[in-house]
Amino acid sequence: MDKRTKPKGRLCTLCNVNRAALKRPKTLEQLWVYVHSNLLRPQLWVTGECFYTVFEDEIHRVILDNHLFKPGERIAIGASGGKDSTVLAYVMSELNRRHNYGLDLFLLSVDEGITGYRDDSLETYGLPLKVVSYSELYGWTMDEIVKLIGLKNNCTFCGVFRRQALDRGAALLKVDKLVTGHNADDIAETVLLNILRGIYSPNAYRGFAREFIKDLERLRPRAILDIIKSGEDFRISTSTKMPEQGTCERCGYISSQQQYREMRFKKYSELIAHLLVVEQHDELLMRNHESRPPGTTPFPKVNVAHFHQTRRERSPGPSRGHGRGRGRDRDRYFNQGDRLELNNDPQHR
Amino acid sequence: MFILSKHRGGLELLCDSVKIHNINVDPQHGEKQLTMKNLLSWVRTNVIKERPEMFMKGDSVRPGVLVLVNDADWELSGQLDTVLEEMDNVVFISTLHGG
């Protein structure tokens, strides 16, 4: 049934022989690449196709210009089995071979313990593979965590755990560097999320930010690179304290999150209990946002998470509690279930 | 007009996990040609079984869904205005998921 009809586009701007199959958003070049329309399984890349030539040369340039690697170094490639890290693993081993970087490459994969998630997704391209698992490192699989906290809001755990799992896997492999397959979309998304985080909740906007970026890209392909550039050029107010990378006093692994470091958790279950509260706050902020989107009338309703006592009197001391509360407003919320009217009693102002 | 429509990258989940659809679409009344715009609305009505918002936004695909017409990105052939011919093959690939 599958008929090879001619692509409807024009010729590749590089070779001027074959039909272009894609347009690079970054440069608007129209390039030839052989598209395997069956898409049954990843095929070997055919060298010489213009897109791959341009793509691989560009990465080689970046590696050279920025002196990313030295001969003899051991490099771990963070490999999820998805498209981005698969491309990364291919490009790294291909460029290492072609240009004699002299690197020892390893694939490093994290097994979150999610049934069926990456059971058969890893192809190793002949590279040695190390798998570190949440159950080995932390004594919890994601399946078990999900059983405890449900299908929503478990990304915090997964993300915090994965970052450290990669560090610890890299330490086990005794590598000099770890490379990951984050792409321009990912970085632009992070820039936007960091802006939104200052206003709302970190996780809740993840899906929206990605879609927004893809919307912008459609209007103006360079928008993604522009956002990254804006992120690089942020002026940080001189009074702002930047997070410092430190190590956890307990386990010795990298942690820039002082709030986790200073809590001196002794067990991962204590960290998990803490993250559960973080997630509650996250969901709470999102619900508050939904009941009062930006630009609508102020404070028709608010949602609260947990308060043990009803407090009518404002205590003289500073408000207490986890996370970034809304400062002085916090004491005016009452424990009457999920949805509450704000107490607008003027004497509290 | 027979068109081969393939749904990949998770989009097959919106049509009962069937990845390849041999479909027969005719140009709309009063039009001679079948365009991608016509095909999209036909696919949305007749092929997509659930959560159409994961597939389309407005009258086009959701940003982040790649569209290939005869193995080339539809950006090269005019996107929604691409004119389809008998036995053309169209591939939809979602990239809106973890990498």
# chains A, B, ... in the order shown; residues from 1 in each chain; ligands from 1
>>> select_by_dssp(residues="region 18-79 of chain B", states="helix (DSSP H, G or I)", output="PyMOL selection string")
chain B and resi 36-46+52-54+74-76+79
>>> residues_around(residues="region 87-99 of chain B", least_positions_apart="6", cutoff="8 Å", atoms="only C-alpha atoms", output="short mmCIF file (atom, residue, chain, number, x, y, z; two decimals) with N, CA and C atoms, in the first residue's frame")
data_model
loop_
_atom_site.label_atom_id
_atom_site.label_comp_id
_atom_site.auth_asym_id
_atom_site.auth_seq_id
_atom_site.Cartn_x
_atom_site.Cartn_y
_atom_site.Cartn_z
N ASP A 2 2.03 1.11 0.63
CA ASP A 2 2.83 2.31 0.86
C ASP A 2 3.56 2.71 -0.41
N LYS A 3 3.12 3.80 -0.98
CA LYS A 3 3.68 4.23 -2.26
C LYS A 3 4.63 5.39 -1.99
N THR A 5 5.58 8.45 -2.97
CA THR A 5 5.30 9.58 -3.84
C THR A 5 6.35 10.65 -3.62
N SER A 37 9.39 6.41 6.28
CA SER A 37 7.98 6.65 6.56
C SER A 37 7.32 5.48 7.27
N SER A 80 17.76 8.11 28.71
CA SER A 80 16.43 7.71 29.18
C SER A 80 15.81 6.68 28.25
N GLY A 82 14.52 7.82 25.47
CA GLY A 82 13.67 8.68 24.64
C GLY A 82 14.47 9.25 23.46
N LYS A 83 13.80 10.10 22.68
CA LYS A 83 14.42 10.57 21.44
C LYS A 83 15.65 11.43 21.67
N ASP A 84 15.59 12.34 22.64
CA ASP A 84 16.68 13.29 22.82
C ASP A 84 17.97 12.60 23.26
N SER A 85 17.88 11.73 24.26
CA SER A 85 19.10 11.09 24.74
C SER A 85 19.59 10.05 23.74
N ARG A 210 5.38 24.59 27.89
CA ARG A 210 5.83 23.90 26.69
C ARG A 210 4.94 24.24 25.49
N MET B 1 -10.94 9.85 -2.58
CA MET B 1 -9.47 9.90 -2.66
C MET B 1 -8.88 9.12 -1.48
N PHE B 2 -7.99 8.15 -1.80
CA PHE B 2 -7.40 7.34 -0.74
C PHE B 2 -6.13 8.00 -0.19
N ILE B 3 -6.08 8.10 1.11
CA ILE B 3 -4.93 8.69 1.79
C ILE B 3 -4.49 7.73 2.89
N LEU B 4 -3.18 7.61 3.08
CA LEU B 4 -2.66 6.80 4.16
C LEU B 4 -2.30 7.74 5.30
N SER B 5 -2.92 7.55 6.44
CA SER B 5 -2.71 8.45 7.55
C SER B 5 -2.09 7.67 8.71
N LYS B 6 -0.94 8.15 9.19
CA LYS B 6 -0.26 7.44 10.28
C LYS B 6 -0.15 8.34 11.50
N HIS B 7 -0.35 7.75 12.66
CA HIS B 7 -0.34 8.51 13.91
C HIS B 7 0.71 7.92 14.83
N ARG B 8 1.70 8.73 15.20
CA ARG B 8 2.81 8.21 15.99
C ARG B 8 3.13 9.14 17.16
N GLY B 9 4.09 8.69 17.95
CA GLY B 9 4.57 9.51 19.06
C GLY B 9 3.54 9.68 20.16
N GLY B 10 2.59 8.76 20.23
CA GLY B 10 1.56 8.82 21.27
C GLY B 10 0.20 9.20 20.72
N LEU B 11 0.17 9.80 19.52
CA LEU B 11 -1.12 10.21 18.95
C LEU B 11 -2.01 9.01 18.64
N GLY B 64 3.77 21.48 18.20
CA GLY B 64 4.52 20.38 18.77
C GLY B 64 4.19 19.04 18.12
N VAL B 65 3.15 19.04 17.27
CA VAL B 65 2.85 17.85 16.49
C VAL B 65 3.48 18.03 15.11
N LEU B 66 4.38 17.10 14.77
CA LEU B 66 5.01 17.16 13.44
C LEU B 66 4.06 16.56 12.41
N VAL B 67 4.04 17.17 11.24
CA VAL B 67 3.24 16.62 10.16
C VAL B 67 4.15 16.40 8.95
N LEU B 68 4.15 15.18 8.45
CA LEU B 68 4.92 14.87 7.25
C LEU B 68 3.96 14.53 6.14
N VAL B 69 4.15 15.15 4.98
CA VAL B 69 3.37 14.79 3.81
C VAL B 69 4.35 14.16 2.82
N ASN B 70 4.12 12.91 2.50
CA ASN B 70 5.05 12.15 1.65
C ASN B 70 6.49 12.31 2.14
N ASP B 71 6.68 12.06 3.41
CA ASP B 71 8.01 12.03 4.03
C ASP B 71 8.73 13.36 4.05
#
>>> residues_around(residues="Ser77 (chain B)", least_positions_apart="3", cutoff="12 Å", atoms="only C-alpha atoms", output="MDAnalysis selection string")
(chainID A and resid 6:11 19:23 30) or (chainID B and resid 35:36 67:74 80:84)
>>> residues_around(residues="Asp143 (chain A)", least_positions_apart="4", cutoff="9 Å", atoms="only C-alpha atoms", output="MDAnalysis selection string")
chainID A and resid 112:115 147:148
>>> residues_around(residues="Ile145 (chain A)", least_positions_apart="2", cutoff="12 Å", atoms="only C-alpha atoms", output="ChimeraX atom specification")
/A:112-114,134-135,138-143,147-158,161,268-269,272-273,275-276
>>> select_by_dssp(residues="chain B", states="strand (DSSP E or B)", output="ChimeraX atom specification")
/B:2-8,20-24,34-35,56-57,60-61,65-69,72-73,83-84,89-94
>>> closest_residue(among="B:Ile48, B:Glu86, B:Leu76, B:Met56", to="chain A", atoms="only C-alpha atoms")
B:Leu76
>>> atom_distance(atom1="CA of Val62 (chain A)", atom2="CA of Gly102 (chain A)")
16.9 Å
>>> closest_residue(among="A:Lys130, A:Lys214, A:His182, A:Arg24", to="chain B", atoms="only C-alpha atoms")
A:Lys214
>>> closest_residue(among="B:Lys19, B:Pro63, B:Pro52, B:Glu85", to="chain A", atoms="only C-alpha atoms")
B:Pro63
>>> residues_around(residues="Arg74 (chain A)", least_positions_apart="6", cutoff="8 Å", atoms="only C-alpha atoms", output="ChimeraX atom specification")
/A:103-106,174-177
>>> write_last_selection(atoms="C-alpha atoms", output="mmCIF file, in the first residue's frame")
data_model
loop_
_atom_site.group_PDB
_atom_site.id
_atom_site.type_symbol
_atom_site.label_atom_id
_atom_site.label_comp_id
_atom_site.auth_asym_id
_atom_site.auth_seq_id
_atom_site.Cartn_x
_atom_site.Cartn_y
_atom_site.Cartn_z
ATOM 1 C CA LEU A 103 36.737 9.717 25.105
ATOM 2 C CA ASP A 104 35.537 6.706 27.088
ATOM 3 C CA LEU A 105 31.761 6.804 26.781
ATOM 4 C CA PHE A 106 29.231 5.168 29.090
ATOM 5 C CA LYS A 174 34.085 7.335 38.009
ATOM 6 C CA VAL A 175 33.413 9.618 35.048
ATOM 7 C CA ASP A 176 34.805 13.114 34.600
ATOM 8 C CA LYS A 177 31.675 14.547 33.015
#
>>> residues_around(residues="Val47 (chain B)", least_positions_apart="4", cutoff="8 Å", atoms="only C-alpha atoms", output="PyMOL selection string")
chain B and resi 15+42-43
>>> atom_distance(atom1="CA of Gly72 (chain A)", atom2="CA of Ile59 (chain A)")
19.5 Å
